[in-house]
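K.L.:
Dumping the structure here so I can ask a few things about it.
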Amino acid sequence: PQQNVDETDTAEVVEQERGVAHSNLVESTIAEETEEEDVKDTVHFMLDGVEQQNLFTTPRPAPLEERVRAKLNMHTRHLSYEDWHNMNLNQASIFLSRQSLSLEGRAGKHRRRQSVNPLERAAEEVLFSSQVHTARSIATTTKLSEATPSEEGSVTSERRDEPAGSLPGTGKSGGDIGRKASRSIRVTVPNEIDEDEYCNNAAVTAKYNVVTFLPVFLYKMFSRVAYLYFLLQASLSWWSAISPYSGLGPTVGLVFVLSVAAVKEIIEDKKRHEADTKTNTSICHVLQEDGSFAEMEWRNARVGDILKINDNELLPADLLCIHTALPDEVCFIKTSNLDGETNLKIRRPIEVVEHKGDGLETSEDNDDLPSSPPLVSPATFRKTFMGAEWMESFKEVEMTVHVESPSPNLESISGFVELKRKSKVGGEPSIAPITLNEMLLRGCTLKNSGFILGAVVYTGDDTRIQMNNSKVPFKLGSFDAYLNIQIILLLCVQASIVFGCAVAATVWREQQGMFAYYLAFNQYSWDTNNENDGAYWFLSLLTYWILYSFMIPISLFVSNEIVKFWQTFIFINRDKDMTDEDGESARARNSNVVEDLGKIDYIFSDKTGTLTSNEMRLRAISIGGLSFGSKDKALEKHGFEGVEALEYFDSRLANATKHLPKVVHSSREDVTNYDYVTAWDGDKQGSEREINYKRLAEMMHEFFLAICVCHSLIIEGESEGQSTYQGPSPDEVSLVEAARQLGFEFRQRSSRHVTLAFHGQEMKYEILNVLEFTSDRKKMTVVARGPDNVIKVFCKGADSAILACLTNYKFLPGGDDVIEATDRSLSDFSCQGLRTLCVASKTISAEVWGEWDAKYQEAATTLEDREEKIAECAEEIEVNFNLLGVTAIEDKLQEGVPETIEMLGTAGIKIFMITGDKQETAISIAISCNLIQKIDDLMICNEANEEAAQERMLSFIHDCEDKYYSTVDYLQPCERREFVIDGFTLGKILGTKTEKLFAELASKCASIVVCRASPAQKAAVVKLMKEYQVCSHSKGYALGEKIPKLTSIWNKIMWKVWDGRMLAIGDGANDVAMLQSADVGIGVMGKEGRQATNNSDFAICKFRFLSKLLLVHGQLSYYRLAHLIKYSFYKNISFAFTFFFYQFFCGFSGQAIIDSMSATVYNVVLTSLPILVMATVDKPVQMSSFMKHPQTYNTSRALSSWNFWKAALVKSLLTSGLSFFVPYLSTSAGGQHSTDSLFAMGKTIYIALLGIIGIEILLLARSWTRLFVGVVGLSYVLVFAFFPLYEAILKGIKWPMQQYYGIPAMLYSSSKFWLQILLCYLIAFGVRFTDRAVKLHMWPDDYDLLTEVDHNERTLSRKKSSASLAKSSEMRSEEGEAD
């Protein structure tokens, strides 16, 4: 019954009257259906806190109870403790609802209708999700014995002894709640929970703190084999009996390298600490006992606190929503940080206290008011304190939250809230189930809701987002794998040399050493001169292992990290050319793979949001078989509105508007029988058709009426004097916005009505039913009653779905023509790259709608198979539509995409575009962005089974082999082959032998388009091409022949050395699997959240930035790191071989001619700094040349096996031989400043070698900068200061060493020393200069040619500038003379 009541008593009186209505309904229902049955038992149950009488306690026959419950519509959020145990799903369904969903009485029926308002409809979906979850939980319980709660009325104490995660009172697991330990939280103000009971809310992403840094850092470093090797070497060096030099040098070197690595770790971890501090010190507001809110830092939030969250604030913890400001008792959150989705999600509160409202309630009786406030939070929604009435009501409730233990599950949560009102002495507590619909998870943002109150349930590491913070899969760059292989090979070389030298030492002792009495080889010692030849050989082996330990450059590992860090976080992150208009720059998230940016062979790209801008705009429409608008008609770029916009869009539509007033005010009694379906008169074809503008006006009115009614948009607040629309689909927003600009405006939405304004004519439509879009139906349907009381059904969706449910047009005048014209428009629009939707409608009678509506409402309110029953109802009404027209929406290409793809193709990179769009749209976009350049030779594979696909692809492969040669680095236009395959065919061949044929065919094509692909197929294609890249070196792979195991292992090891890399780029959460599967993942910071960015190796704002990232930064990284690795080995192996040469002149005694400290300084300072600077600033050509000449990409083989071993062995042998033999052979005894002593000659060799290394690095670099030349010169000059300075230090600390005593002064004053090193430098420079000149003139590489081109261009530019200055000076002189 509807009665007028005083506002102050509304809540209580209405609930009581509804209770009476429910009781009367149950009584009348049972009386009607059980005339002879005697109903004796009664029981009370909770209905929103009000006791209602139900007429059954003992289970009655199930059909009767189902009928009673179906009419009863239990309006409750809470179940009593007893009901929770005793209700059985087989006997009754549990209906949960809320007060804002009104009970409507009509003609003797009393039921709740399915809402047609988008907000309420979304809230109902949330509600039904909670219902299903609750019903399933109850279904898992068994009927209890007649157990009752404790005398205190609380069940908390009883549940503490139950198995963790059990449902109340059952001891059995309920769904997902069965975990090792659940938690029970007593929510009070103030919070009474101990601070130490649960983890704190501080976010900690930093790896170290002051206490843990040293042990954790050392463990991390020595867990790497290389550093463990150097630690072993340094430890053995302290064994003076076998070590050829002091252990001080290797130890200092290791400590220095570790210190540099530690500084790098501290700098990086400092940034993490700063980010953590910023997060942890963010302010939230906690509810106080007096109703006010106190500021509190996030890290201080505790489980059990009640927090207030305002609009646009991040949630600091996982909260259970207990109060919302909106009158619909809903709130909206943005979950892009969790799942990458940017559309708003609806959440509902647990009703702890009766909702008194915030002065924002709307009346269900006044439909003219919006059912919800605009989705822009007014300032009045925010509160600085909670009212005394609300606080008193809250304090009257004992609230205990029972939830599962922390879990990473983002799909569900199990638990319940136990509420007991203190005013009801002896009353049983109410129970409300908890689902994710009531949870607000940390990391989400509150939007358009004013404010909410939430009880903290999980904090810190226990929150869902923290438990889902899975790290990006660890990826190693190709140089890391290559370096591991070369180190293993070099260790084998070192082991061979050590083994040979140890054998030679043993043989020399026996054959020559025993006869040299002064060597005392007849005096045996277990550790220096063991009598046993085997033991002596082993000790010699250790000696030589220590002596040649410098072959592995310890500085390389730190230098490699520094160069990668500098290349990524300095050059890439700060590149202004890769910064968008908003100031967002590129981000390097994984420096390990930076060198792979220069070795990309394949790019796998998403389309929407990656190649396109994800900005939907209406470009064309088709009405009555006629097409209007075009792709170049951009309405949003002009301020046209109404008729002026129609004139710009298409003048024919503007002419038709003259007849619109007649159409709007006309009332056709039966519009289901059309006597026309086309917008032209007669049977004339083509340009001879004469448009019937009155008919076109009527069709245009119906078309835009369907656009403005059939959607789920909500009107937001005004922006720049105009309201904006918000909805889950960008297509809907673009259609309604374009319609408004053309004069067909969706103006307002109320609880059951939409208000429209068509060119000044306002009208209101009552929304009767809404059938939301589903992926199965591929369409959305709305049933509405117009101002003329005619009921219409509007539908829009995919062309395949709409065309299949049209009326039979063959029996209508011009029916075949309009279908043919529409098909032609669909094809034309798709070929232009436009996304198409079809729009249709029909008129039904009130009687037909009433019958259908009864079925639909029944299906909408059931719990069992609800989706299937709604789909059946939809199928019943979605038939015999009249086609209204077609919309064509453009997802605009990003700026610079065609040029970028053309440049990458010129670089020899093969590009896959993998999209979920239909084939026509995908091909059109591929043509627009230069992926497809030869449409006539396009290879398309759309087959129904694997056999047909295999046959088709074999023919394509033969065609490629016979006519095309697309495996060259640079694909000429005549050599291009392009391939298109749809997701259905791809699904048939993935996982079969035919997939290898697909991979082989793809490798022969310049571009590949995969359409209608799922996210799983995206990742599968990447993995397939990686497998092909690894195994393609084996003959017969494509034919399915088995590859030997050893061959397969060898291919996998050497793949990172030989082959190019796979790069994937995408912007959405559905691209994450593809990004993680590729060698390099690029996330585009677009409009689909940051899920892709968070799982990428690099992040960019626009696709066009990819060209510079690869062609410039990729090539520079490859070039610099290759030279760093190659010449780090070169300088260390050269140093080690000077020891090797000397062994032939010292009886293989293992004597070192250079002391350990000098060796360490050489290794980690004097030679490392020049190479490090060269690897940081050197560039083969100017930056602009990389972009001008993309053909040079991935052609460098600076670190091929030949180049590496040529530098590591051949060049090292020559360098070390020159620096050793020239001083050794030219040294003579005698003279005042003799240099014939062992350590004097060693210092001469040392300085000669250092100079030769410097000359080699200077001639190697292609660009000399002041910094680079200065560092090379400084590192050489420092050695002359190092020797006397170190000697002085040793004297100062009373630790003289014979290797230094008086030697620097003797060397510097000897002319022999200066002539020896000068001779070494002249020979080295002459050989290196000659080699460089011959290579440059006889066998120049690409960089040599581009360097010459750059030089010529700069010379020409300087000449032009000089000529211009001379001319200007001459003109000024002439003017002066004239004056």
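Starting from 1 in every chain, residues are counted up; chains themselves are A, B, ... following the order of the structure tokens, and ligands are numbered from 1 as listed.
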Extract the full set of helix (DSSP H, G or I) residues from stretch 676-898 of chain A according to DSSP on the backbone, and format it as a VMD selection string.

P.N.:
chain A and resid 686 to 688 693 to 709 730 to 741 799 to 803 809 to 811 815 to 831 846 to 860 866 to 877 897 to 898

K.L.:
Convert the current residue selection to file output with C-alpha atoms, as a PDB file, in the first residue's frame.

P.N.:
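This went into again-v2.pdb:
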ATOM      1  CA  GLY A 686      22.634   4.951 -58.452  1.00  0.00           C
ATOM      2  CA  SER A 687      22.733   8.709 -58.901  1.00  0.00           C
ATOM      3  CA  GLU A 688      19.302   8.747 -60.521  1.00  0.00           C
ATOM      4  CA  TYR A 693      13.061  13.781 -47.668  1.00  0.00           C
ATOM      5  CA  LYS A 694       9.889  13.253 -45.664  1.00  0.00           C
ATOM      6  CA  ARG A 695      10.587   9.555 -45.561  1.00  0.00           C
ATOM      7  CA  LEU A 696      14.249  10.222 -44.798  1.00  0.00           C
ATOM      8  CA  ALA A 697      13.208  12.530 -41.938  1.00  0.00           C
ATOM      9  CA  GLU A 698      11.083   9.793 -40.405  1.00  0.00           C
ATOM     10  CA  MET A 699      13.862   7.238 -40.783  1.00  0.00           C
ATOM     11  CA  MET A 700      16.432   9.670 -39.396  1.00  0.00           C
ATOM     12  CA  HIS A 701      14.163  10.369 -36.407  1.00  0.00           C
ATOM     13  CA  GLU A 702      13.806   6.631 -35.681  1.00  0.00           C
ATOM     14  CA  PHE A 703      17.514   6.057 -36.194  1.00  0.00           C
ATOM     15  CA  PHE A 704      18.648   8.716 -33.741  1.00  0.00           C
ATOM     16  CA  LEU A 705      15.828   7.815 -31.379  1.00  0.00           C
ATOM     17  CA  ALA A 706      17.315   4.334 -31.145  1.00  0.00           C
ATOM     18  CA  ILE A 707      20.786   5.826 -30.621  1.00  0.00           C
ATOM     19  CA  CYS A 708      19.576   8.083 -27.779  1.00  0.00           C
ATOM     20  CA  VAL A 709      17.429   5.463 -26.023  1.00  0.00           C
ATOM     21  CA  PRO A 730      33.351   4.267 -25.541  1.00  0.00           C
ATOM     22  CA  ASP A 731      31.341   3.415 -28.663  1.00  0.00           C
ATOM     23  CA  GLU A 732      28.110   4.395 -26.916  1.00  0.00           C
ATOM     24  CA  VAL A 733      29.626   7.641 -25.669  1.00  0.00           C
ATOM     25  CA  SER A 734      30.830   8.587 -29.156  1.00  0.00           C
ATOM     26  CA  LEU A 735      27.432   7.824 -30.724  1.00  0.00           C
ATOM     27  CA  VAL A 736      25.410   9.817 -28.185  1.00  0.00           C
ATOM     28  CA  GLU A 737      27.847  12.737 -28.244  1.00  0.00           C
ATOM     29  CA  ALA A 738      27.747  12.871 -32.044  1.00  0.00           C
ATOM     30  CA  ALA A 739      23.956  12.666 -31.993  1.00  0.00           C
ATOM     31  CA  ARG A 740      23.823  15.596 -29.592  1.00  0.00           C
ATOM     32  CA  GLN A 741      26.063  17.651 -31.846  1.00  0.00           C
ATOM     33  CA  ASP A 799      26.052  -6.500 -38.034  1.00  0.00           C
ATOM     34  CA  SER A 800      26.054 -10.307 -37.999  1.00  0.00           C
ATOM     35  CA  ALA A 801      23.764 -10.349 -34.951  1.00  0.00           C
ATOM     36  CA  ILE A 802      21.322  -7.665 -36.120  1.00  0.00           C
ATOM     37  CA  LEU A 803      20.982  -8.809 -39.743  1.00  0.00           C
ATOM     38  CA  TYR A 809      12.620  -8.015 -46.322  1.00  0.00           C
ATOM     39  CA  LYS A 810      11.880  -9.993 -49.467  1.00  0.00           C
ATOM     40  CA  PHE A 811       8.188  -9.291 -49.027  1.00  0.00           C
ATOM     41  CA  GLY A 815      13.543  -4.811 -49.333  1.00  0.00           C
ATOM     42  CA  ASP A 816      16.263  -6.470 -51.361  1.00  0.00           C
ATOM     43  CA  ASP A 817      17.590  -3.063 -52.398  1.00  0.00           C
ATOM     44  CA  VAL A 818      17.972  -1.776 -48.857  1.00  0.00           C
ATOM     45  CA  ILE A 819      19.673  -4.988 -47.671  1.00  0.00           C
ATOM     46  CA  GLU A 820      22.036  -4.883 -50.621  1.00  0.00           C
ATOM     47  CA  ALA A 821      22.770  -1.193 -50.050  1.00  0.00           C
ATOM     48  CA  THR A 822      23.351  -1.801 -46.331  1.00  0.00           C
ATOM     49  CA  ASP A 823      25.752  -4.660 -47.063  1.00  0.00           C
ATOM     50  CA  ARG A 824      27.595  -2.388 -49.444  1.00  0.00           C
ATOM     51  CA  SER A 825      27.787   0.359 -46.804  1.00  0.00           C
ATOM     52  CA  LEU A 826      29.055  -2.111 -44.211  1.00  0.00           C
ATOM     53  CA  SER A 827      31.758  -3.253 -46.612  1.00  0.00           C
ATOM     54  CA  ASP A 828      32.730   0.302 -47.550  1.00  0.00           C
ATOM     55  CA  PHE A 829      32.888   1.428 -43.950  1.00  0.00           C
ATOM     56  CA  SER A 830      34.977  -1.584 -42.909  1.00  0.00           C
ATOM     57  CA  CYS A 831      37.384  -1.048 -45.792  1.00  0.00           C
ATOM     58  CA  ALA A 846       0.939  -3.685 -24.863  1.00  0.00           C
ATOM     59  CA  GLU A 847      -0.496  -7.190 -24.605  1.00  0.00           C
ATOM     60  CA  VAL A 848       2.532  -8.788 -26.248  1.00  0.00           C
ATOM     61  CA  TRP A 849       4.855  -6.795 -24.057  1.00  0.00           C
ATOM     62  CA  GLY A 850       2.907  -7.677 -20.903  1.00  0.00           C
ATOM     63  CA  GLU A 851       3.191 -11.407 -21.555  1.00  0.00           C
ATOM     64  CA  TRP A 852       6.852 -11.174 -22.383  1.00  0.00           C
ATOM     65  CA  ASP A 853       7.569  -8.885 -19.445  1.00  0.00           C
ATOM     66  CA  ALA A 854       6.072 -11.362 -16.982  1.00  0.00           C
ATOM     67  CA  LYS A 855       8.486 -14.038 -18.228  1.00  0.00           C
ATOM     68  CA  TYR A 856      11.394 -11.644 -18.167  1.00  0.00           C
ATOM     69  CA  GLN A 857      10.757 -10.422 -14.614  1.00  0.00           C
ATOM     70  CA  GLU A 858      10.523 -13.996 -13.411  1.00  0.00           C
ATOM     71  CA  ALA A 859      13.811 -14.837 -15.115  1.00  0.00           C
ATOM     72  CA  ALA A 860      15.473 -11.690 -13.777  1.00  0.00           C
ATOM     73  CA  ARG A 866      19.483 -16.676 -14.354  1.00  0.00           C
ATOM     74  CA  GLU A 867      21.672 -15.803 -17.371  1.00  0.00           C
ATOM     75  CA  GLU A 868      20.287 -18.650 -19.457  1.00  0.00           C
ATOM     76  CA  LYS A 869      16.688 -17.739 -18.684  1.00  0.00           C
ATOM     77  CA  ILE A 870      17.282 -14.072 -19.490  1.00  0.00           C
ATOM     78  CA  ALA A 871      18.932 -15.102 -22.764  1.00  0.00           C
ATOM     79  CA  GLU A 872      15.862 -17.156 -23.640  1.00  0.00           C
ATOM     80  CA  CYS A 873      13.626 -14.142 -23.005  1.00  0.00           C
ATOM     81  CA  ALA A 874      15.925 -11.970 -25.110  1.00  0.00           C
ATOM     82  CA  GLU A 875      15.820 -14.451 -27.951  1.00  0.00           C
ATOM     83  CA  GLU A 876      12.039 -14.353 -27.831  1.00  0.00           C
ATOM     84  CA  ILE A 877      11.753 -10.587 -28.265  1.00  0.00           C
ATOM     85  CA  VAL A 897      52.018   5.403 -36.879  1.00  0.00           C
ATOM     86  CA  PRO A 898      52.251   4.911 -40.697  1.00  0.00           C
TER      87      PRO A 898
END

K.L.:
Do a neighbour search on A:Ser559 at 10 Å with only C-alpha atoms, toss out local chain neighbours closer than 2 positions, and write the hits as a list of chain:residue names.

P.N.:
A:Val257, A:Val260, A:Ala261, A:Ile554, A:Ser555, A:Leu556, A:Phe557, A:Glu561, A:Ile562, A:Val563, A:Lys564, A:Phe565, A:Leu1121, A:Leu1124, A:Ile1125, A:Ser1128, A:Val1164, A:Ser1168, A:Leu1169, A:Ile1171, A:Leu1172, A:Val1173, A:Ala1175, A:Thr1176

K.L.:
Would you export the selected residues with C-alpha atoms as a PDB file, in the first residue's frame, please?

P.N.:
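Saved result, again_15.pdb, follows:
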ATOM      1  CA  VAL A 257      83.991  -3.640  -7.307  1.00  0.00           C
ATOM      2  CA  VAL A 260      80.690   0.335  -6.668  1.00  0.00           C
ATOM      3  CA  ALA A 261      77.901  -2.221  -6.921  1.00  0.00           C
ATOM      4  CA  ILE A 554      86.232  -8.370 -12.567  1.00  0.00           C
ATOM      5  CA  SER A 555      85.460  -4.770 -13.511  1.00  0.00           C
ATOM      6  CA  LEU A 556      83.318  -5.832 -16.453  1.00  0.00           C
ATOM      7  CA  PHE A 557      80.364  -6.898 -14.321  1.00  0.00           C
ATOM      8  CA  GLU A 561      75.594  -2.631 -14.919  1.00  0.00           C
ATOM      9  CA  ILE A 562      76.661   1.014 -14.934  1.00  0.00           C
ATOM     10  CA  VAL A 563      76.437   1.340 -18.710  1.00  0.00           C
ATOM     11  CA  LYS A 564      73.018  -0.317 -18.792  1.00  0.00           C
ATOM     12  CA  PHE A 565      71.821   1.893 -15.982  1.00  0.00           C
ATOM     13  CA  LEU A1121      77.844  -2.762 -24.690  1.00  0.00           C
ATOM     14  CA  LEU A1124      82.564  -2.705 -23.493  1.00  0.00           C
ATOM     15  CA  ILE A1125      82.517  -6.500 -23.318  1.00  0.00           C
ATOM     16  CA  SER A1128      87.249  -5.454 -21.259  1.00  0.00           C
ATOM     17  CA  VAL A1164      89.607  -1.806 -12.043  1.00  0.00           C
ATOM     18  CA  SER A1168      88.359   0.333 -16.901  1.00  0.00           C
ATOM     19  CA  LEU A1169      87.547   4.047 -16.772  1.00  0.00           C
ATOM     20  CA  ILE A1171      86.442   1.816 -21.645  1.00  0.00           C
ATOM     21  CA  LEU A1172      83.551   2.719 -19.364  1.00  0.00           C
ATOM     22  CA  VAL A1173      83.437   6.303 -20.654  1.00  0.00           C
ATOM     23  CA  ALA A1175      80.796   2.711 -23.667  1.00  0.00           C
ATOM     24  CA  THR A1176      78.784   5.593 -22.227  1.00  0.00           C
TER      25      THR A1176
END

K.L.:
Using only C-alpha atoms, which residues sit within 8 Å of A:Tyr1028 once same-chain residues fewer than 3 positions away are excluded, as a list in words?

P.N.:
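Contacts, in chain order: Lys996, Ala999, Glu1000, Leu1024, Met1025, Cys1031 and Ser1032 of chain A.
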
K.L.:
Take atom CA of A:Gly991 and atom CA of A:Leu1063 and report the distance between them in Å, one decimal.

P.N.:
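About the pair atom CA of A:Gly991 and atom CA of A:Leu1063: they are 22.1 Å apart.
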
K.L.:
Which residues in stretch 405-540 of chain A does DSSP call strand (DSSP E)? List them as a VMD selection string.

P.N.:
chain A and resid 415 to 421 430 to 433 439 to 440 445 to 447 451 to 458

K.L.:
Give me a file of those residues, with C-alpha atoms, as a compact mmCIF listing (two decimals), in the first residue's frame.

P.N.:
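Saved result, result-v6.txt, follows:
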# COMPACT_ATOMS: atom_id res chain seq x y z
CA GLY A 415 33.16 -14.24 5.15
CA PHE A 416 30.24 -12.69 6.99
CA VAL A 417 29.42 -9.82 9.31
CA GLU A 418 27.80 -10.56 12.66
CA LEU A 419 25.60 -7.72 13.93
CA LYS A 420 23.89 -7.60 17.29
CA ARG A 421 21.84 -4.66 18.48
CA SER A 430 22.02 -10.86 12.33
CA ILE A 431 24.40 -12.18 9.74
CA ALA A 432 25.27 -10.50 6.44
CA PRO A 433 27.45 -12.38 3.95
CA MET A 439 34.92 -4.90 -0.43
CA LEU A 440 37.03 -1.90 -1.42
CA THR A 445 40.33 4.92 -6.41
CA LEU A 446 36.96 6.16 -5.17
CA LYS A 447 35.15 8.02 -7.93
CA PHE A 451 32.67 9.76 0.46
CA ILE A 452 32.40 6.32 2.02
CA LEU A 453 33.12 4.76 5.39
CA GLY A 454 34.99 1.49 5.46
CA ALA A 455 36.19 -0.86 8.16
CA VAL A 456 39.79 -1.97 7.68
CA VAL A 457 39.94 -5.72 7.14
CA TYR A 458 43.40 -6.31 5.67

K.L.:
Stretch 1333-1349 of chain A: which residues within 7 Å, counting only C-alpha atoms, same-chain residues fewer than 3 positions away excluded, as a ChimeraX atom specification?

P.N.:
/A:1180-1181,1192,1329-1330,1352-1353

K.L.:
Export, as an mmCIF file, in the first residue's frame, the selected residues with N, CA, C and O atoms.

P.N.:
data_model
loop_
_atom_site.group_PDB
_atom_site.id
_atom_site.type_symbol
_atom_site.label_atom_id
_atom_site.label_comp_id
_atom_site.auth_asym_id
_atom_site.auth_seq_id
_atom_site.Cartn_x
_atom_site.Cartn_y
_atom_site.Cartn_z
ATOM 1 N N PRO A 1180 78.604 5.628 -33.070
ATOM 2 C CA PRO A 1180 79.224 5.401 -34.375
ATOM 3 C C PRO A 1180 78.908 6.493 -35.383
ATOM 4 O O PRO A 1180 79.729 6.828 -36.222
ATOM 5 N N VAL A 1181 77.689 7.044 -35.339
ATOM 6 C CA VAL A 1181 77.276 8.116 -36.244
ATOM 7 C C VAL A 1181 76.416 9.090 -35.447
ATOM 8 O O VAL A 1181 76.097 8.859 -34.279
ATOM 9 N N THR A 1192 70.488 0.414 -41.617
ATOM 10 C CA THR A 1192 71.657 -0.033 -40.849
ATOM 11 C C THR A 1192 71.272 -0.797 -39.593
ATOM 12 O O THR A 1192 72.155 -1.365 -38.923
ATOM 13 N N PHE A 1329 96.840 2.002 -36.954
ATOM 14 C CA PHE A 1329 96.415 3.005 -37.917
ATOM 15 C C PHE A 1329 96.353 2.414 -39.320
ATOM 16 O O PHE A 1329 95.418 2.695 -40.081
ATOM 17 N N THR A 1330 97.327 1.597 -39.650
ATOM 18 C CA THR A 1330 97.333 0.957 -40.971
ATOM 19 C C THR A 1330 96.131 0.023 -41.124
ATOM 20 O O THR A 1330 95.453 0.017 -42.157
ATOM 21 N N ASN A 1352 80.556 15.003 -44.621
ATOM 22 C CA ASN A 1352 80.339 15.830 -45.815
ATOM 23 C C ASN A 1352 79.198 16.815 -45.598
ATOM 24 O O ASN A 1352 79.262 17.969 -46.042
ATOM 25 N N GLU A 1353 78.139 16.350 -44.924
ATOM 26 C CA GLU A 1353 77.013 17.242 -44.663
ATOM 27 C C GLU A 1353 77.415 18.386 -43.736
ATOM 28 O O GLU A 1353 77.028 19.539 -43.950
#

K.L.:
Which residues are close to A:Lys395, i.e. within 12 Å by only C-alpha atoms, leaving aside same-chain residues fewer than 5 positions away? Reply as a list in words.

P.N.:
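Close residues of A:Lys395: Val187, Thr188, Val189, Pro190, Gln288, Glu289, Asp290, Gly291, Val352, Val353, Ala388, Glu389, Trp390, Leu419, Lys420, Arg421, Lys422 and Ser423 of chain A.
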